[in-house]
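Enquirer: Let me give you the structure first, and then I'll get to my questions.
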Amino acid sequence: MLLVFDVGNTNIVLGVYDGKKLVIDWRIATTTQRTADEYGIVVINLFEKAGLNYKDIEAVVVSSVVPNIMYSLEHMIRKYFNVEPLVVGPGIKTGINIKYDNPKEVGADRIVNAVAAHDIYKRSLIIVDFGTATTFCAVGKNGDYYGGAITPGIKIASDALFERAAKLPRIELVKPPTVICKNTVQSMQSGIIYGYAGLVDNIVTKMKKEMEQLKEEEPFVVATGGLAKLIATESSTIDEINPYLTLEGLRIIYEKNR
Ligand SMILES: Nc1ncnc2c1ncn2[C@@H]1O[C@H](COP(=O)(O)OP(=O)(O)O)[C@@H](O)[C@H]1O
Ligand SMILES: CC(C)(COP(=O)(O)O)[C@@H](O)C(=O)NCCC(=O)O
Ligand SMILES: [K+]
């Protein structure tokens, strides 16, 4: 079986694949303080609780946008799974042609998403990943990765408001029934959720126009990431939510590099 790690700045999402089948996935906090053994205990426990034998793992693929976690994570993988992790980065076969000024600069998660979406949808795409940051990526029909935009994630924006405004409380990210709200919590929820949906629609609409100039057909808009569900229902430009896009991309990258 294959174990994949999607290391983001807030969460690490793990997936266990048996061939093309995602057997199980887990979400743990990204902490740079954990040692290899501490990560080992957490991951082995997850396998045991799920009734899976971690010794059945034959390969591990890692996508990370958190460099200073990698020493412990790779050490854990070697020590507990006895395999050399395949780490997504320059030199790895992806089938994606990165048209960034400096291709090495693009977050691995963004490329992994592009690999999955290109493989699944086989058409021009805009991928929106709602995580610590929200990323927007334009991908051509033939797998050209044009780049896109990066904005503070919705939770960061919401936490910043709480931290910087004395009288504003920390809020739960829940959609209020109306935009015009009559109490502080719902007013904040209205501003962050409906406001963010507008941000998404504005950026996607402008990206679509630029992709037209790049002679790409009307792109299909796919959302992923922990916070996608929250916004996608309010957005008028998101066509589909695919929560497992990044994990799928890691599986596909394994197949391309085995
Ligand atoms: N199913 C869910 N429902 C609501 N929030 C979620 C869910 N899954 C993850 N989250 C939240 O999404 C955020 C992390 O999303 P994620 O895409 O993993 O971020 P990153 O990749 O930047 O670490 C966290 O705030 C987490 O609590
Ligand atoms: C923008 C990101 C922080 C998003 O990562 P995440 O929200 O998943 O933690 C990550 O893709 C990244 O570090 N990118 C490098 C810069 C770039 O893509 O241009
Ligand atoms: K992410």
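Ordering of the structure tokens sets the chain letters (A, B, ...), residue numbers begin anew at 1 in every chain, and ligands are numbered from 1 in the order given.
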Counting only C-alpha atoms and all ligand atoms, what are the residues, protein, DNA or RNA alike, that approach ligand 1 to within 9 Å? I want them as an MDAnalysis selection string.
Expert: chainID A and resid 6:13 27:30 65 109 129:134 153:156 173 224:230 243
Enquirer: What lies within 12 Å of Glu105 (chain A) using only C-alpha atoms, ignoring chain neighbours under 6 positions off, as a PDB file with C-alpha atoms, in the first residue's frame?
Expert:
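What ended up in part.pdb:
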```
ATOM      1  CA  VAL A  65       5.209  23.649   1.922  1.00  0.00           C
ATOM      2  CA  GLY A  89      10.039  18.870  -5.856  1.00  0.00           C
ATOM      3  CA  PRO A  90      12.267  19.725  -8.814  1.00  0.00           C
ATOM      4  CA  ILE A  98       5.417  25.044 -14.892  1.00  0.00           C
ATOM      5  CA  LYS A  99       5.388  28.505 -16.517  1.00  0.00           C
ATOM      6  CA  ILE A 111       1.581  21.492  -8.455  1.00  0.00           C
ATOM      7  CA  GLY A 147       0.460  30.532 -12.083  1.00  0.00           C
TER       8      GLY A 147
END
```
Enquirer: Just the residues within 12 Å of Thr205 (chain A), please, counting only C-alpha atoms, with nothing from its chain fewer than 5 positions along; format it as a PyMOL selection string.
Expert: chain A and resi 126+136+138+198-200+210-212+218-221+235-238
Enquirer: Taking the backbone alone, and naming residues the way the document does, which bits of region 70-139 of chain A are alpha helix (DSSP H) by DSSP, as a short mmCIF file (atom, residue, chain, number, x, y, z; two decimals) with all heavy atoms, in the first residue's frame?
Expert:
```cif
data_model
loop_
_atom_site.label_atom_id
_atom_site.label_comp_id
_atom_site.auth_asym_id
_atom_site.auth_seq_id
_atom_site.Cartn_x
_atom_site.Cartn_y
_atom_site.Cartn_z
N MET A 70 10.54 19.01 7.60
CA MET A 70 10.93 17.90 6.75
C MET A 70 11.97 16.99 7.38
O MET A 70 11.92 15.77 7.18
CB MET A 70 11.40 18.43 5.39
CG MET A 70 10.26 19.02 4.58
SD MET A 70 8.84 17.92 4.47
CE MET A 70 9.44 16.78 3.23
N TYR A 71 12.89 17.53 8.13
CA TYR A 71 13.92 16.65 8.73
C TYR A 71 13.25 15.57 9.58
O TYR A 71 13.48 14.37 9.39
CB TYR A 71 14.92 17.44 9.59
CG TYR A 71 15.91 16.51 10.26
CD1 TYR A 71 16.97 15.98 9.53
CD2 TYR A 71 15.71 16.09 11.58
CE1 TYR A 71 17.85 15.06 10.12
CE2 TYR A 71 16.58 15.17 12.16
CZ TYR A 71 17.64 14.66 11.44
OH TYR A 71 18.49 13.75 12.01
N SER A 72 12.37 15.99 10.50
CA SER A 72 11.70 15.03 11.40
C SER A 72 10.79 14.08 10.63
O SER A 72 10.76 12.87 10.87
CB SER A 72 10.85 15.78 12.44
OG SER A 72 11.67 16.55 13.25
N LEU A 73 10.07 14.64 9.66
CA LEU A 73 9.10 13.81 8.93
C LEU A 73 9.83 12.75 8.10
O LEU A 73 9.47 11.56 8.13
CB LEU A 73 8.25 14.71 8.02
CG LEU A 73 6.93 14.13 7.53
CD1 LEU A 73 5.98 13.84 8.69
CD2 LEU A 73 6.26 15.06 6.53
N GLU A 74 10.87 13.16 7.39
CA GLU A 74 11.60 12.18 6.56
C GLU A 74 12.31 11.15 7.42
O GLU A 74 12.32 9.97 7.12
CB GLU A 74 12.59 12.91 5.65
CG GLU A 74 11.91 13.74 4.55
CD GLU A 74 12.91 14.40 3.61
OE1 GLU A 74 13.58 13.67 2.85
OE2 GLU A 74 13.01 15.63 3.66
N HIS A 75 12.84 11.63 8.55
CA HIS A 75 13.52 10.70 9.47
C HIS A 75 12.52 9.68 10.00
O HIS A 75 12.78 8.48 10.05
CB HIS A 75 14.14 11.53 10.61
CG HIS A 75 14.93 10.70 11.58
ND1 HIS A 75 15.26 11.16 12.84
CD2 HIS A 75 15.44 9.45 11.49
CE1 HIS A 75 15.93 10.22 13.48
NE2 HIS A 75 16.06 9.16 12.68
N MET A 76 11.30 10.16 10.34
CA MET A 76 10.25 9.25 10.83
C MET A 76 9.91 8.20 9.78
O MET A 76 9.80 7.00 10.07
CB MET A 76 9.00 10.06 11.19
CG MET A 76 7.82 9.27 11.72
SD MET A 76 6.78 8.55 10.44
CE MET A 76 5.92 9.97 9.85
N ILE A 77 9.77 8.66 8.53
CA ILE A 77 9.37 7.74 7.44
C ILE A 77 10.44 6.65 7.25
O ILE A 77 10.14 5.47 7.14
CB ILE A 77 9.13 8.54 6.14
CG1 ILE A 77 7.88 9.43 6.30
CG2 ILE A 77 8.98 7.61 4.94
CD1 ILE A 77 7.76 10.54 5.27
N ARG A 78 11.70 7.06 7.27
CA ARG A 78 12.79 6.07 7.12
C ARG A 78 12.79 5.10 8.30
O ARG A 78 12.88 3.89 8.12
CB ARG A 78 14.14 6.78 7.01
CG ARG A 78 14.33 7.58 5.75
CD ARG A 78 15.76 8.13 5.62
NE ARG A 78 15.78 9.11 4.53
CZ ARG A 78 15.77 10.44 4.75
NH1 ARG A 78 15.80 10.92 5.99
NH2 ARG A 78 15.75 11.28 3.73
N LYS A 79 12.64 5.63 9.49
CA LYS A 79 12.77 4.81 10.71
C LYS A 79 11.58 3.87 10.90
O LYS A 79 11.73 2.70 11.24
CB LYS A 79 12.91 5.74 11.92
CG LYS A 79 13.07 5.02 13.26
CD LYS A 79 13.40 5.99 14.37
CE LYS A 79 13.59 5.25 15.71
NZ LYS A 79 13.93 6.21 16.81
N TYR A 80 10.36 4.37 10.66
CA TYR A 80 9.17 3.56 10.99
C TYR A 80 8.63 2.80 9.78
O TYR A 80 8.01 1.76 9.92
CB TYR A 80 8.08 4.47 11.58
CG TYR A 80 8.42 4.92 12.99
CD1 TYR A 80 9.23 6.05 13.20
CD2 TYR A 80 8.00 4.20 14.10
CE1 TYR A 80 9.58 6.45 14.48
CE2 TYR A 80 8.34 4.60 15.39
CZ TYR A 80 9.15 5.72 15.57
OH TYR A 80 9.50 6.10 16.84
N PHE A 81 8.88 3.32 8.56
CA PHE A 81 8.33 2.62 7.39
C PHE A 81 9.42 1.98 6.54
O PHE A 81 9.13 1.34 5.53
CB PHE A 81 7.49 3.61 6.54
CG PHE A 81 6.23 4.04 7.23
CD1 PHE A 81 6.19 5.22 7.98
CD2 PHE A 81 5.08 3.26 7.19
CE1 PHE A 81 5.04 5.61 8.65
CE2 PHE A 81 3.92 3.64 7.85
CZ PHE A 81 3.90 4.82 8.59
N ALA A 108 4.57 23.12 -3.58
CA ALA A 108 4.37 21.74 -4.06
C ALA A 108 2.88 21.38 -4.08
O ALA A 108 2.40 20.71 -5.00
CB ALA A 108 5.13 20.77 -3.18
N ASP A 109 2.14 21.89 -3.11
CA ASP A 109 0.70 21.56 -3.04
C ASP A 109 -0.04 22.05 -4.27
O ASP A 109 -0.96 21.39 -4.77
CB ASP A 109 0.06 22.13 -1.77
CG ASP A 109 0.23 23.65 -1.64
OD1 ASP A 109 1.19 24.20 -2.22
OD2 ASP A 109 -0.60 24.26 -0.96
N ARG A 110 0.42 23.18 -4.81
CA ARG A 110 -0.25 23.76 -5.98
C ARG A 110 0.00 22.89 -7.23
O ARG A 110 -0.88 22.66 -8.04
CB ARG A 110 0.22 25.19 -6.22
CG ARG A 110 0.00 26.10 -5.02
CD ARG A 110 0.56 27.48 -5.24
NE ARG A 110 -0.29 28.28 -6.13
CZ ARG A 110 0.05 29.47 -6.58
NH1 ARG A 110 1.21 30.02 -6.24
NH2 ARG A 110 -0.77 30.14 -7.38
N ILE A 111 1.24 22.38 -7.32
CA ILE A 111 1.58 21.49 -8.45
C ILE A 111 0.86 20.15 -8.32
O ILE A 111 0.29 19.63 -9.27
CB ILE A 111 3.11 21.27 -8.54
CG1 ILE A 111 3.82 22.62 -8.72
CG2 ILE A 111 3.47 20.30 -9.67
CD1 ILE A 111 3.35 23.43 -9.91
N VAL A 112 0.83 19.64 -7.10
CA VAL A 112 0.15 18.36 -6.85
C VAL A 112 -1.33 18.47 -7.20
O VAL A 112 -1.90 17.60 -7.86
CB VAL A 112 0.35 17.91 -5.39
CG1 VAL A 112 -0.50 16.68 -5.07
CG2 VAL A 112 1.82 17.61 -5.10
N ASN A 113 -1.96 19.58 -6.81
CA ASN A 113 -3.37 19.81 -7.18
C ASN A 113 -3.52 19.84 -8.70
O ASN A 113 -4.47 19.27 -9.25
CB ASN A 113 -3.86 21.14 -6.61
CG ASN A 113 -4.12 21.08 -5.11
OD1 ASN A 113 -4.28 20.00 -4.54
ND2 ASN A 113 -4.14 22.24 -4.47
N ALA A 114 -2.57 20.49 -9.37
CA ALA A 114 -2.65 20.62 -10.84
C ALA A 114 -2.51 19.23 -11.50
O ALA A 114 -3.24 18.92 -12.44
CB ALA A 114 -1.56 21.56 -11.35
N VAL A 115 -1.62 18.41 -10.94
CA VAL A 115 -1.45 17.05 -11.49
C VAL A 115 -2.77 16.29 -11.41
O VAL A 115 -3.23 15.70 -12.39
CB VAL A 115 -0.35 16.29 -10.70
CG1 VAL A 115 -0.36 14.80 -11.04
CG2 VAL A 115 1.03 16.89 -10.96
N ALA A 116 -3.40 16.35 -10.25
CA ALA A 116 -4.66 15.62 -10.05
C ALA A 116 -5.77 16.16 -10.94
O ALA A 116 -6.43 15.41 -11.67
CB ALA A 116 -5.07 15.71 -8.58
N ALA A 117 -5.94 17.46 -10.93
CA ALA A 117 -7.05 18.06 -11.68
C ALA A 117 -6.88 17.84 -13.18
O ALA A 117 -7.83 17.51 -13.89
CB ALA A 117 -7.14 19.55 -11.37
N HIS A 118 -5.62 17.98 -13.66
CA HIS A 118 -5.34 17.75 -15.09
C HIS A 118 -5.67 16.31 -15.47
O HIS A 118 -6.27 16.04 -16.51
CB HIS A 118 -3.85 18.05 -15.35
CG HIS A 118 -3.42 17.81 -16.76
ND1 HIS A 118 -4.01 18.45 -17.84
CD2 HIS A 118 -2.47 16.97 -17.28
CE1 HIS A 118 -3.42 18.04 -18.96
NE2 HIS A 118 -2.50 17.14 -18.65
N ASP A 119 -5.35 15.38 -14.57
CA ASP A 119 -5.58 13.95 -14.84
C ASP A 119 -7.07 13.63 -14.81
O ASP A 119 -7.59 12.88 -15.62
CB ASP A 119 -4.83 13.14 -13.77
CG ASP A 119 -4.83 11.65 -14.06
OD1 ASP A 119 -4.01 11.21 -14.91
OD2 ASP A 119 -5.70 10.94 -13.50
N ILE A 120 -7.79 14.25 -13.87
CA ILE A 120 -9.21 13.93 -13.67
C ILE A 120 -10.09 14.63 -14.72
O ILE A 120 -10.94 14.03 -15.34
CB ILE A 120 -9.66 14.35 -12.25
CG1 ILE A 120 -8.92 13.55 -11.18
CG2 ILE A 120 -11.17 14.22 -12.08
CD1 ILE A 120 -9.04 14.12 -9.77
N TYR A 121 -9.88 15.93 -14.91
CA TYR A 121 -10.83 16.72 -15.72
C TYR A 121 -10.41 16.89 -17.18
O TYR A 121 -11.23 17.21 -18.03
CB TYR A 121 -11.05 18.09 -15.06
CG TYR A 121 -11.58 17.98 -13.64
CD1 TYR A 121 -10.73 18.13 -12.55
CD2 TYR A 121 -12.92 17.69 -13.40
CE1 TYR A 121 -11.20 18.00 -11.25
CE2 TYR A 121 -13.40 17.55 -12.11
CZ TYR A 121 -12.54 17.71 -11.03
OH TYR A 121 -13.01 17.58 -9.74
#
```
Enquirer: Could you tell me, as a ChimeraX atom specification, which residues of region 47-254 of chain A DSSP assigns to strand (DSSP E or B) when given the backbone?
Expert: /A:59-64,86-87,97-98,125-130,133-139,144-152,220-224,240-241
Enquirer: What lies within 8 Å of Val62 (chain A) using only C-alpha atoms, ignoring chain neighbours under 2 positions off, as a list of chain:residue names?
Expert: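 Selected residues are A:Val4, A:Phe5, A:Asp6, A:Val7, A:Val60, A:Ser64, A:Pro85, A:Leu86, A:Val87, A:Val88, A:Leu250.
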Enquirer: Using Å and a single decimal, report how far CA of Leu46 (chain A) sits from CA of Trp26 (chain A).
Expert: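 Rounded to one decimal, the two atoms are 7.9 Å apart.
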Enquirer: Rank A:Glu172, A:Asp239, A:Glu58, A:Asp101 by their smallest atom-to-atom distance to ligand 2, using only C-alpha atoms and all ligand atoms, and report the top residue only.
Expert: A:Asp101
Enquirer: Pick from A:Tyr145, A:Phe47, A:Tyr54, A:Tyr254: nearest to ligand 2, with only C-alpha atoms and all ligand atoms counted?
Expert: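 With only C-alpha atoms and all ligand atoms as the atom set, the closest residue is A:Tyr145.
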Enquirer: List the spatial neighbours of Glu255 (chain A) as a list in words - criterion: any atom at most 10 Å away, only C-alpha atoms, same-chain residues fewer than 3 positions off excluded.
Expert: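 These residues fall inside the cut-off: Gly19, Lys20, Lys93, Thr94, Gly249, Leu250, Arg251, Ile252 and Arg258 of chain A.
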Enquirer: Quick one: residues within 12 Å of Gln213 (chain A), only C-alpha atoms, excluding same-chain residues fewer than 6 positions away - as a PyMOL selection string?
Expert: chain A and resi 140+206-207
Enquirer: Taking C-alpha atoms for each residue, export the selection above as a short mmCIF file (atom, residue, chain, number, x, y, z; two decimals), in the first residue's frame.
Expert:
```cif
data_model
loop_
_atom_site.label_atom_id
_atom_site.label_comp_id
_atom_site.auth_asym_id
_atom_site.auth_seq_id
_atom_site.Cartn_x
_atom_site.Cartn_y
_atom_site.Cartn_z
CA GLY A 140 -4.12 24.86 -19.38
CA LYS A 206 -10.54 37.97 -13.88
CA MET A 207 -8.45 34.79 -14.30
#
```
Enquirer: Tell me, in Å to one decimal, how far CA of Gly15 (chain A) is from CA of Val222 (chain A).
Expert: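 Going from CA of Gly15 (chain A) over to CA of Val222 (chain A), I get 20.2 Å.
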Enquirer: Tell me, in Å to one decimal, how far CA of Tyr17 (chain A) is from CA of Leu245 (chain A).
Expert: 13.6 Å
